[in-house]
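So this one's protein_36.cif, mmCIF, C-alpha atoms:
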```
data_start
#
loop_
_atom_site.group_PDB
_atom_site.id
_atom_site.type_symbol
_atom_site.label_atom_id
_atom_site.label_comp_id
_atom_site.auth_asym_id
_atom_site.auth_seq_id
_atom_site.Cartn_x
_atom_site.Cartn_y
_atom_site.Cartn_z
ATOM 1 C CA MET A 1 45.295 202.004 54.131
ATOM 2 C CA PRO A 2 47.557 202.998 51.269
ATOM 3 C CA VAL A 3 49.863 204.878 53.581
ATOM 4 C CA LEU A 4 50.776 201.629 55.228
ATOM 5 C CA VAL A 5 52.048 200.106 52.004
ATOM 6 C CA THR A 6 55.239 201.731 53.178
ATOM 7 C CA ILE A 7 55.492 199.376 56.146
ATOM 8 C CA ALA A 8 56.388 196.506 53.920
ATOM 9 C CA THR A 9 58.566 198.396 51.482
ATOM 10 C CA ILE A 10 61.023 200.238 53.661
ATOM 11 C CA ASN A 11 63.062 197.253 54.597
ATOM 12 C CA PHE A 12 65.239 196.950 51.562
ATOM 13 C CA PHE A 13 68.926 197.348 51.968
ATOM 14 C CA PHE A 14 69.828 200.878 51.082
ATOM 15 C CA HIS A 15 73.085 202.720 51.319
ATOM 16 C CA SER A 16 74.231 206.271 51.512
ATOM 17 C CA ASP A 17 77.064 205.433 49.116
ATOM 18 C CA PRO A 18 76.166 202.927 46.357
ATOM 19 C CA GLU A 19 79.808 202.781 45.242
ATOM 20 C CA ALA A 20 81.154 201.689 48.646
ATOM 21 C CA VAL A 21 82.428 198.133 49.012
ATOM 22 C CA SER A 22 80.047 196.219 51.245
ATOM 23 C CA PHE A 23 78.567 192.804 51.922
ATOM 24 C CA LEU A 24 75.222 194.476 51.249
ATOM 25 C CA ASN A 25 76.463 195.625 47.850
ATOM 26 C CA PRO A 26 77.629 192.374 46.186
ATOM 27 C CA GLU A 27 78.388 193.894 42.762
ATOM 28 C CA VAL A 28 80.981 196.300 44.147
ATOM 29 C CA LEU A 29 82.358 193.622 46.454
ATOM 30 C CA ARG A 30 82.701 191.206 43.524
ATOM 31 C CA ALA A 31 84.721 193.750 41.547
ATOM 32 C CA ARG A 32 87.027 194.253 44.531
ATOM 33 C CA CYS A 33 87.443 190.486 45.028
ATOM 34 C CA MET A 34 88.484 190.159 41.383
ATOM 35 C CA GLU A 35 91.631 192.083 42.360
ATOM 36 C CA ILE A 36 92.814 189.394 44.807
ATOM 37 C CA GLU A 37 96.135 188.087 43.480
ATOM 38 C CA ASP A 38 95.888 184.504 44.756
ATOM 39 C CA ILE A 39 93.882 182.750 42.023
ATOM 40 C CA ASP A 40 92.341 180.070 44.260
ATOM 41 C CA LYS A 41 91.282 182.590 46.912
ATOM 42 C CA ARG A 42 90.011 184.973 44.257
ATOM 43 C CA GLU A 43 87.765 182.312 42.742
ATOM 44 C CA ARG A 44 86.407 181.253 46.111
ATOM 45 C CA ALA A 45 85.801 184.863 47.183
ATOM 46 C CA VAL A 46 84.052 185.726 43.917
ATOM 47 C CA LYS A 47 81.852 182.655 44.313
ATOM 48 C CA LEU A 48 80.837 183.921 47.744
ATOM 49 C CA THR A 49 79.844 187.301 46.286
ATOM 50 C CA GLU A 50 77.583 185.416 43.888
ATOM 51 C CA GLU A 51 75.942 183.788 46.919
ATOM 52 C CA LEU A 52 75.472 187.276 48.349
ATOM 53 C CA GLN A 53 73.749 188.349 45.156
ATOM 54 C CA GLN A 54 71.355 185.434 45.462
ATOM 55 C CA LEU A 55 70.670 186.338 49.083
ATOM 56 C CA ALA A 56 69.992 189.966 48.136
ATOM 57 C CA ARG A 57 67.476 188.765 45.549
ATOM 58 C CA GLN A 58 65.948 186.373 48.087
ATOM 59 C CA TYR A 59 65.525 189.226 50.564
ATOM 60 C CA GLU A 60 63.951 191.543 48.025
ATOM 61 C CA LYS A 61 61.596 188.849 46.755
ATOM 62 C CA ALA A 62 60.463 188.288 50.347
ATOM 63 C CA VAL A 63 59.810 192.018 50.669
ATOM 64 C CA VAL A 64 57.791 192.043 47.454
ATOM 65 C CA ALA A 65 55.823 188.998 48.578
ATOM 66 C CA THR A 66 55.158 190.834 51.831
ATOM 67 C CA VAL A 67 53.835 193.852 49.938
ATOM 68 C CA GLU A 68 51.566 191.712 47.805
ATOM 69 C CA ALA A 69 50.256 189.683 50.743
ATOM 70 C CA TYR A 70 49.775 192.840 52.779
ATOM 71 C CA ILE A 71 47.789 194.570 50.045
ATOM 72 C CA ALA A 72 45.682 191.527 49.196
ATOM 73 C CA GLU A 73 44.587 191.252 52.818
ATOM 74 C CA SER A 74 44.436 194.945 53.720
ATOM 75 C CA VAL A 75 41.932 195.821 51.006
ATOM 76 C CA LYS A 76 39.390 193.522 52.632
ATOM 77 C CA TRP A 77 37.034 195.359 54.923
ATOM 78 C CA GLU A 78 37.221 192.503 57.438
ATOM 79 C CA SER A 79 41.029 192.489 57.621
ATOM 80 C CA SER A 80 42.616 192.902 61.040
ATOM 81 C CA ALA A 81 46.029 193.639 62.508
ATOM 82 C CA ASN A 82 46.257 190.175 64.035
ATOM 83 C CA GLY A 83 45.337 188.545 60.728
ATOM 84 C CA LEU A 84 47.970 190.582 58.909
ATOM 85 C CA ILE A 85 50.653 189.812 61.489
ATOM 86 C CA GLU A 86 49.939 186.099 61.114
ATOM 87 C CA LEU A 87 49.914 186.387 57.320
ATOM 88 C CA LEU A 88 53.293 188.152 57.182
ATOM 89 C CA LYS A 89 55.089 185.762 59.538
ATOM 90 C CA PRO A 90 56.566 183.480 56.828
ATOM 91 C CA TRP A 91 58.107 186.466 55.052
ATOM 92 C CA ASP A 92 59.444 187.835 58.329
ATOM 93 C CA SER A 93 61.128 184.463 58.821
ATOM 94 C CA THR A 94 62.611 184.517 55.317
ATOM 95 C CA ARG A 95 64.049 187.980 55.868
ATOM 96 C CA ALA A 96 65.488 187.053 59.259
ATOM 97 C CA ARG A 97 66.975 183.854 57.832
ATOM 98 C CA THR A 98 68.514 185.762 54.913
ATOM 99 C CA LEU A 99 70.327 188.134 57.265
ATOM 100 C CA GLN A 100 71.714 185.137 59.127
ATOM 101 C CA GLU A 101 72.811 183.597 55.814
ATOM 102 C CA ILE A 102 74.657 186.805 54.936
ATOM 103 C CA VAL A 103 76.495 186.472 58.245
ATOM 104 C CA GLY A 104 77.353 182.887 57.265
ATOM 105 C CA VAL A 105 78.774 183.974 53.892
ATOM 106 C CA ARG A 106 80.809 186.652 55.628
ATOM 107 C CA GLN A 107 82.271 184.038 57.967
ATOM 108 C CA SER A 108 83.269 181.927 54.948
ATOM 109 C CA MET A 109 84.943 184.971 53.405
ATOM 110 C CA ARG A 110 86.817 185.568 56.643
ATOM 111 C CA GLU A 111 88.111 181.994 56.591
ATOM 112 C CA ILE A 112 89.413 182.383 53.036
ATOM 113 C CA LEU A 113 91.228 185.719 53.311
ATOM 114 C CA THR A 114 94.185 186.747 55.449
ATOM 115 C CA VAL A 115 93.889 189.928 57.513
ATOM 116 C CA GLU A 116 95.968 191.771 54.910
ATOM 117 C CA GLN A 117 93.806 190.559 52.019
ATOM 118 C CA TRP A 118 90.665 191.409 53.969
ATOM 119 C CA ASN A 119 91.885 194.927 54.622
ATOM 120 C CA ARG A 120 92.796 195.413 50.965
ATOM 121 C CA VAL A 121 89.294 194.364 49.898
ATOM 122 C CA PHE A 122 87.454 196.436 52.489
ATOM 123 C CA GLY A 123 89.993 199.195 53.038
ATOM 124 C CA MET B 1 23.100 221.741 40.405
ATOM 125 C CA ASN B 2 20.670 218.920 39.650
ATOM 126 C CA THR B 3 20.814 215.523 41.360
ATOM 127 C CA THR B 4 22.687 213.756 38.541
ATOM 128 C CA LYS B 5 25.286 216.474 38.353
ATOM 129 C CA GLN B 6 25.660 216.469 42.119
ATOM 130 C CA HIS B 7 26.174 212.695 42.059
ATOM 131 C CA ASN B 8 28.770 212.946 39.263
ATOM 132 C CA TYR B 9 30.561 215.748 41.061
ATOM 133 C CA SER B 10 30.623 213.691 44.237
ATOM 134 C CA MET B 11 32.002 210.664 42.351
ATOM 135 C CA LEU B 12 34.676 212.829 40.751
ATOM 136 C CA LEU B 13 35.733 214.184 44.112
ATOM 137 C CA SER B 14 35.891 210.653 45.534
ATOM 138 C CA ARG B 15 38.010 209.494 42.634
ATOM 139 C CA ARG B 16 40.358 212.439 43.058
ATOM 140 C CA ARG B 17 40.721 211.677 46.749
ATOM 141 C CA ALA B 18 41.474 208.040 46.036
ATOM 142 C CA LEU B 19 44.093 209.002 43.480
ATOM 143 C CA LYS B 20 45.669 211.466 45.859
ATOM 144 C CA LEU B 21 45.828 208.796 48.545
ATOM 145 C CA ALA B 22 47.556 206.503 46.081
ATOM 146 C CA VAL B 23 50.024 209.242 45.205
ATOM 147 C CA ALA B 24 50.683 209.737 48.904
ATOM 148 C CA SER B 25 51.463 206.046 49.289
ATOM 149 C CA VAL B 26 53.863 206.103 46.350
ATOM 150 C CA LEU B 27 55.580 209.154 47.782
ATOM 151 C CA LEU B 28 55.921 207.416 51.090
ATOM 152 C CA ALA B 29 57.390 204.314 49.527
ATOM 153 C CA ALA B 30 59.757 206.353 47.380
ATOM 154 C CA GLY B 31 60.698 208.512 50.316
ATOM 155 C CA CYS B 32 61.574 205.503 52.371
ATOM 156 C CA ALA B 33 63.482 203.774 49.600
ATOM 157 C CA THR B 34 65.753 206.773 49.211
ATOM 158 C CA MET B 35 65.799 207.422 52.929
ATOM 159 C CA SER B 36 64.744 211.014 52.604
ATOM 160 C CA ARG B 37 63.122 212.186 55.810
ATOM 161 C CA SER B 38 61.821 215.291 54.091
ATOM 162 C CA ASP B 39 60.027 213.185 51.461
ATOM 163 C CA LEU B 40 58.445 211.145 54.221
ATOM 164 C CA ASP B 41 57.421 214.262 56.117
ATOM 165 C CA THR B 42 55.914 215.780 52.976
ATOM 166 C CA ALA B 43 54.003 212.620 52.127
ATOM 167 C CA VAL B 44 52.641 212.300 55.647
ATOM 168 C CA SER B 45 51.631 215.958 55.637
ATOM 169 C CA ASN B 46 49.813 215.331 52.370
ATOM 170 C CA LEU B 47 48.086 212.372 53.945
ATOM 171 C CA ASN B 48 46.969 214.500 56.876
ATOM 172 C CA GLY B 49 45.537 216.972 54.398
ATOM 173 C CA LEU B 50 43.722 214.199 52.581
ATOM 174 C CA LEU B 51 42.265 212.810 55.780
ATOM 175 C CA ASP B 52 41.164 216.311 56.608
ATOM 176 C CA GLU B 53 39.355 216.427 53.249
ATOM 177 C CA ILE B 54 37.851 212.971 53.308
ATOM 178 C CA ALA B 55 36.394 213.011 56.806
ATOM 179 C CA ASP B 56 33.502 214.916 58.205
ATOM 180 C CA ASN B 57 34.131 217.363 61.014
ATOM 181 C CA GLU B 58 33.284 214.920 63.778
ATOM 182 C CA ARG B 59 35.901 212.407 62.677
ATOM 183 C CA GLN B 60 38.632 214.756 61.498
ATOM 184 C CA GLU B 61 40.293 215.155 64.862
ATOM 185 C CA LEU B 62 40.380 211.413 65.472
ATOM 186 C CA LEU B 63 41.729 210.539 62.019
ATOM 187 C CA ILE B 64 44.393 213.220 62.146
ATOM 188 C CA SER B 65 45.548 212.044 65.572
ATOM 189 C CA ILE B 66 45.835 208.459 64.325
ATOM 190 C CA ALA B 67 47.722 209.659 61.241
ATOM 191 C CA GLN B 68 50.068 211.600 63.494
ATOM 192 C CA ARG B 69 50.846 208.470 65.499
ATOM 193 C CA ILE B 70 51.377 206.555 62.243
ATOM 194 C CA LYS B 71 53.794 209.243 61.132
ATOM 195 C CA LEU B 72 55.819 209.084 64.342
ATOM 196 C CA ARG B 73 55.952 205.294 64.326
ATOM 197 C CA ALA B 74 56.850 205.172 60.606
ATOM 198 C CA GLN B 75 59.672 207.651 61.170
ATOM 199 C CA GLU B 76 60.911 205.535 64.052
ATOM 200 C CA LEU B 77 60.844 202.408 61.879
ATOM 201 C CA VAL B 78 62.735 204.126 59.065
ATOM 202 C CA ALA B 79 65.346 205.517 61.473
ATOM 203 C CA GLU B 80 65.859 202.155 63.153
ATOM 204 C CA HIS B 81 66.228 200.415 59.817
ATOM 205 C CA GLN B 82 68.831 202.914 58.658
ATOM 206 C CA ALA B 83 70.701 202.595 61.947
ATOM 207 C CA PHE B 84 70.663 198.815 61.640
ATOM 208 C CA VAL B 85 71.881 198.807 58.029
ATOM 209 C CA ASP B 86 74.713 201.224 58.885
ATOM 210 C CA SER B 87 75.747 199.237 61.931
ATOM 211 C CA PHE B 88 75.389 195.814 60.281
ATOM 212 C CA ASP B 89 77.295 196.965 57.213
ATOM 213 C CA ARG B 90 80.125 198.399 59.319
ATOM 214 C CA MET B 91 80.348 195.321 61.547
ATOM 215 C CA LEU B 92 80.419 192.945 58.572
ATOM 216 C CA LYS B 93 83.458 194.740 57.180
ATOM 217 C CA ILE B 94 85.482 194.755 60.413
ATOM 218 C CA TYR B 95 87.712 191.678 60.449
ATOM 219 C CA ASP B 96 87.552 191.255 64.236
ATOM 220 C CA THR B 97 83.758 191.277 64.510
ATOM 221 C CA THR B 98 82.600 187.910 65.760
ATOM 222 C CA GLU B 99 79.832 185.786 64.290
ATOM 223 C CA VAL B 100 78.034 185.900 67.649
ATOM 224 C CA GLN B 101 78.017 189.719 67.618
ATOM 225 C CA LEU B 102 76.566 189.765 64.111
ATOM 226 C CA ARG B 103 73.877 187.208 64.877
ATOM 227 C CA GLN B 104 72.875 189.079 68.038
ATOM 228 C CA THR B 105 72.645 192.342 66.097
ATOM 229 C CA THR B 106 70.359 190.842 63.463
ATOM 230 C CA GLU B 107 68.166 189.114 66.038
ATOM 231 C CA ILE B 108 67.666 192.332 68.007
ATOM 232 C CA TYR B 109 66.849 194.197 64.799
ATOM 233 C CA ASN B 110 64.366 191.570 63.591
ATOM 234 C CA LYS B 111 62.465 191.633 66.877
ATOM 235 C CA ARG B 112 62.407 195.426 66.996
ATOM 236 C CA ARG B 113 61.339 195.772 63.348
ATOM 237 C CA GLN B 114 58.481 193.332 63.809
ATOM 238 C CA TRP B 115 57.359 195.039 67.004
ATOM 239 C CA LEU B 116 57.237 198.440 65.321
ATOM 240 C CA ARG B 117 55.581 197.015 62.206
ATOM 241 C CA ASN B 118 52.949 195.211 64.257
ATOM 242 C CA ASP B 119 52.278 198.392 66.191
ATOM 243 C CA LEU B 120 51.720 200.190 62.876
ATOM 244 C CA LEU B 121 49.300 197.469 61.827
ATOM 245 C CA GLY B 122 47.437 198.127 65.072
ATOM 246 C CA LEU B 123 47.229 201.802 64.138
ATOM 247 C CA GLN B 124 45.955 200.756 60.723
ATOM 248 C CA ASP B 125 43.167 198.911 62.519
ATOM 249 C CA GLU B 126 42.282 202.081 64.404
ATOM 250 C CA LEU B 127 42.218 204.128 61.232
ATOM 251 C CA HIS B 128 40.314 201.426 59.395
ATOM 252 C CA THR B 129 37.574 201.222 61.993
ATOM 253 C CA SER B 130 37.253 205.002 61.972
ATOM 254 C CA MET B 131 36.364 205.019 58.275
ATOM 255 C CA THR B 132 33.151 203.916 56.635
ATOM 256 C CA PRO B 133 33.038 200.849 54.346
ATOM 257 C CA ASP B 134 32.141 203.197 51.520
ATOM 258 C CA GLU B 135 35.265 205.310 52.048
ATOM 259 C CA TRP B 136 37.335 202.156 52.289
ATOM 260 C CA ALA B 137 35.918 200.696 49.079
ATOM 261 C CA LYS B 138 36.807 203.823 47.146
ATOM 262 C CA VAL B 139 40.510 203.445 47.802
ATOM 263 C CA VAL B 140 40.734 199.677 47.336
ATOM 264 C CA GLU B 141 40.995 199.710 43.558
ATOM 265 C CA VAL B 142 43.730 202.326 43.513
ATOM 266 C CA LEU B 143 45.505 200.663 46.418
ATOM 267 C CA ASN B 144 45.720 197.483 44.382
ATOM 268 C CA GLN B 145 47.162 199.317 41.402
ATOM 269 C CA THR B 146 49.667 201.141 43.583
ATOM 270 C CA GLY B 147 50.798 197.965 45.271
ATOM 271 C CA LYS B 148 51.295 196.178 41.963
ATOM 272 C CA ALA B 149 53.290 199.126 40.645
ATOM 273 C CA ILE B 150 55.530 199.127 43.725
ATOM 274 C CA ALA B 151 56.036 195.362 43.515
ATOM 275 C CA SER B 152 56.889 195.529 39.796
ATOM 276 C CA TYR B 153 59.302 198.386 40.336
ATOM 277 C CA THR B 154 60.978 196.529 43.148
ATOM 278 C CA LEU B 155 61.460 193.330 41.183
ATOM 279 C CA SER B 156 62.849 195.177 38.184
ATOM 280 C CA GLU B 157 65.341 196.892 40.457
ATOM 281 C CA ALA B 158 66.424 193.679 42.169
#
```
What would you get if you wrote out this structure as structure tokens?
Amino acid sequence: MPVLVTIATINFFFHSDPEAVSFLNPEVLRARCMEIEDIDKRERAVKLTEELQQLARQYEKAVVATVEAYIAESVKWESSANGLIELLKPWDSTRARTLQEIVGVRQSMREILTVEQWNRVFG
Amino acid sequence: MNTTKQHNYSMLLSRRRALKLAVASVLLAAGCATMSRSDLDTAVSNLNGLLDEIADNERQELLISIAQRIKLRAQELVAEHQAFVDSFDRMLKIYDTTEVQLRQTTEIYNKRRQWLRNDLLGLQDELHTSMTPDEWAKVVEVLNQTGKAIASYTLSEA
């Protein structure tokens, strides 16, 4: 049913404040990391925000693939819930893995920055 | 009204219903993307109205009750997603949050999201089996177009 197209589409990252610095908002985070004074740390931090951008794209592509797979199967009269669940599993895995990868990038950022630098970026 | 005119009128009504269903789906997707509960409520109310139109009297009550359960479950899914994003975002930014805490949070969310989504797919099955193949076929073409539009929009925004 068309109404259930929404099932696949609601899982994008969305924020109440698009200007807020966030790991889920790599563009804003990148701009903030550009202000880090230590050149070496700045370059490494900015590189990590680029990884976050790739992960955001990876997540959204998985969502789109989910939508397309969902629609292609749902329009068939013989489609079933179990068939759809099985079909969507690979994209569920991609999305779950992407969240874990974001956690990994965050850990790398934490290893680069001091507490003071961290608080300046996210404060 | 002669038979041909009646047939054309019936086809026109079917087409209008299909289009309205597609509009409802777009509204739902848009409502969810912007996290507006009122948009979601409006879209679901529209859907209920459409189901009321499309079904005969005997099936109306059943379809509306399924749609109501879909609405409740969809709202729950949206609310849980927003809660997760808020919590995950906040935790990521706190220096003292541990990697274990973050991984646990995402694992719990993934399991919960899939459970709710799968439950919605079960409700789709119920709704599906309550409709006739003819009714289903009428919305397929528009459903395809709507899905492609949503996918294109999403990629261009990424």
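One distance worth recording is that between CA of Ile112 in chain A and CA of Val46 in chain A, which is 11.1 Å.
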Let me know the residues the PyMOL selection byres ((chain A and resi 117) around 12) catches in the file above, as a PDB file with C-alpha atoms, keeping the file's coordinate frame.
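As a result, selection_32.pdb now contains:
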```
ATOM      1  CA  ARG A  32      87.027 194.253  44.531  1.00  0.00           C
ATOM      2  CA  CYS A  33      87.443 190.486  45.028  1.00  0.00           C
ATOM      3  CA  MET A  34      88.484 190.159  41.383  1.00  0.00           C
ATOM      4  CA  GLU A  35      91.631 192.083  42.360  1.00  0.00           C
ATOM      5  CA  ILE A  36      92.814 189.394  44.807  1.00  0.00           C
ATOM      6  CA  GLU A  37      96.135 188.087  43.480  1.00  0.00           C
ATOM      7  CA  ASP A  38      95.888 184.504  44.756  1.00  0.00           C
ATOM      8  CA  LYS A  41      91.282 182.590  46.912  1.00  0.00           C
ATOM      9  CA  ARG A  42      90.011 184.973  44.257  1.00  0.00           C
ATOM     10  CA  ALA A  45      85.801 184.863  47.183  1.00  0.00           C
ATOM     11  CA  MET A 109      84.943 184.971  53.405  1.00  0.00           C
ATOM     12  CA  ARG A 110      86.817 185.568  56.643  1.00  0.00           C
ATOM     13  CA  GLU A 111      88.111 181.994  56.591  1.00  0.00           C
ATOM     14  CA  ILE A 112      89.413 182.383  53.036  1.00  0.00           C
ATOM     15  CA  LEU A 113      91.228 185.719  53.311  1.00  0.00           C
ATOM     16  CA  THR A 114      94.185 186.747  55.449  1.00  0.00           C
ATOM     17  CA  VAL A 115      93.889 189.928  57.513  1.00  0.00           C
ATOM     18  CA  GLU A 116      95.968 191.771  54.910  1.00  0.00           C
ATOM     19  CA  TRP A 118      90.665 191.409  53.969  1.00  0.00           C
ATOM     20  CA  ASN A 119      91.885 194.927  54.622  1.00  0.00           C
ATOM     21  CA  ARG A 120      92.796 195.413  50.965  1.00  0.00           C
ATOM     22  CA  VAL A 121      89.294 194.364  49.898  1.00  0.00           C
ATOM     23  CA  PHE A 122      87.454 196.436  52.489  1.00  0.00           C
ATOM     24  CA  GLY A 123      89.993 199.195  53.038  1.00  0.00           C
TER      25      GLY A 123
ATOM     26  CA  TYR B  95      87.712 191.678  60.449  1.00  0.00           C
TER      27      TYR B  95
END
```
Explicit residue set for the PyMOL selection byres ((chain A and resi 53) around 12), as a VMD selection string: (chain A and resid 22 to 30 46 to 52 54 to 60 98 101 to 102 105) or (chain B and resid 158)
Nearest residue to Ala96 in chain A from the set B:Lys71, B:Arg103, B:Met91, B:Glu80 (distances using only C-alpha atoms): B:Arg103
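If you look at CA of Arg112 in chain B and CA of Ile94 in chain B, they are 24.0 Å away from each other.
You will find CA of Asn118 in chain B at 17.8 Å from CA of Val64 in chain A.
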Using only C-alpha atoms, which protein or nucleic acid residues come within 12 Å of Gln114 in chain B? Drop anything in the same chain fewer than 3 positions from it, and give the result as an mmCIF file with C-alpha atoms, keeping the file's coordinate frame.
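Written output follows (result_24.cif):
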```cif
data_model
loop_
_atom_site.group_PDB
_atom_site.id
_atom_site.type_symbol
_atom_site.label_atom_id
_atom_site.label_comp_id
_atom_site.auth_asym_id
_atom_site.auth_seq_id
_atom_site.Cartn_x
_atom_site.Cartn_y
_atom_site.Cartn_z
ATOM 1 C CA ILE A 7 55.492 199.376 56.146
ATOM 2 C CA ALA A 8 56.388 196.506 53.920
ATOM 3 C CA ASN A 11 63.062 197.253 54.597
ATOM 4 C CA LEU A 84 47.970 190.582 58.909
ATOM 5 C CA ILE A 85 50.653 189.812 61.489
ATOM 6 C CA GLU A 86 49.939 186.099 61.114
ATOM 7 C CA LEU A 88 53.293 188.152 57.182
ATOM 8 C CA LYS A 89 55.089 185.762 59.538
ATOM 9 C CA TRP A 91 58.107 186.466 55.052
ATOM 10 C CA ASP A 92 59.444 187.835 58.329
ATOM 11 C CA SER A 93 61.128 184.463 58.821
ATOM 12 C CA ARG A 95 64.049 187.980 55.868
ATOM 13 C CA ALA A 96 65.488 187.053 59.259
ATOM 14 C CA LEU B 77 60.844 202.408 61.879
ATOM 15 C CA GLU B 80 65.859 202.155 63.153
ATOM 16 C CA HIS B 81 66.228 200.415 59.817
ATOM 17 C CA GLU B 107 68.166 189.114 66.038
ATOM 18 C CA ILE B 108 67.666 192.332 68.007
ATOM 19 C CA TYR B 109 66.849 194.197 64.799
ATOM 20 C CA ASN B 110 64.366 191.570 63.591
ATOM 21 C CA LYS B 111 62.465 191.633 66.877
ATOM 22 C CA ARG B 117 55.581 197.015 62.206
ATOM 23 C CA ASN B 118 52.949 195.211 64.257
ATOM 24 C CA ASP B 119 52.278 198.392 66.191
ATOM 25 C CA LEU B 120 51.720 200.190 62.876
ATOM 26 C CA LEU B 121 49.300 197.469 61.827
#
```
Which residue of B:Leu92, B:Thr105, B:Ile66, B:Gln75 approaches chain A most closely, using all atoms listed in the file: B:Leu92
Residue nearest chain B among A:Ala72, A:Ser108, A:Leu87, A:Ala31 (counting only C-alpha atoms): A:Ala72
Adding 8 Å on each side of the box along x, y and z that holds all listed atoms of range 119-127 of chain B, could you give its centre and edge lengths in Å to one decimal, as JSON?
```
{"center_x": 47.2, "center_y": 200.8, "center_z": 63.5, "size_x": 26.1, "size_y": 22.7, "size_z": 21.5}
```
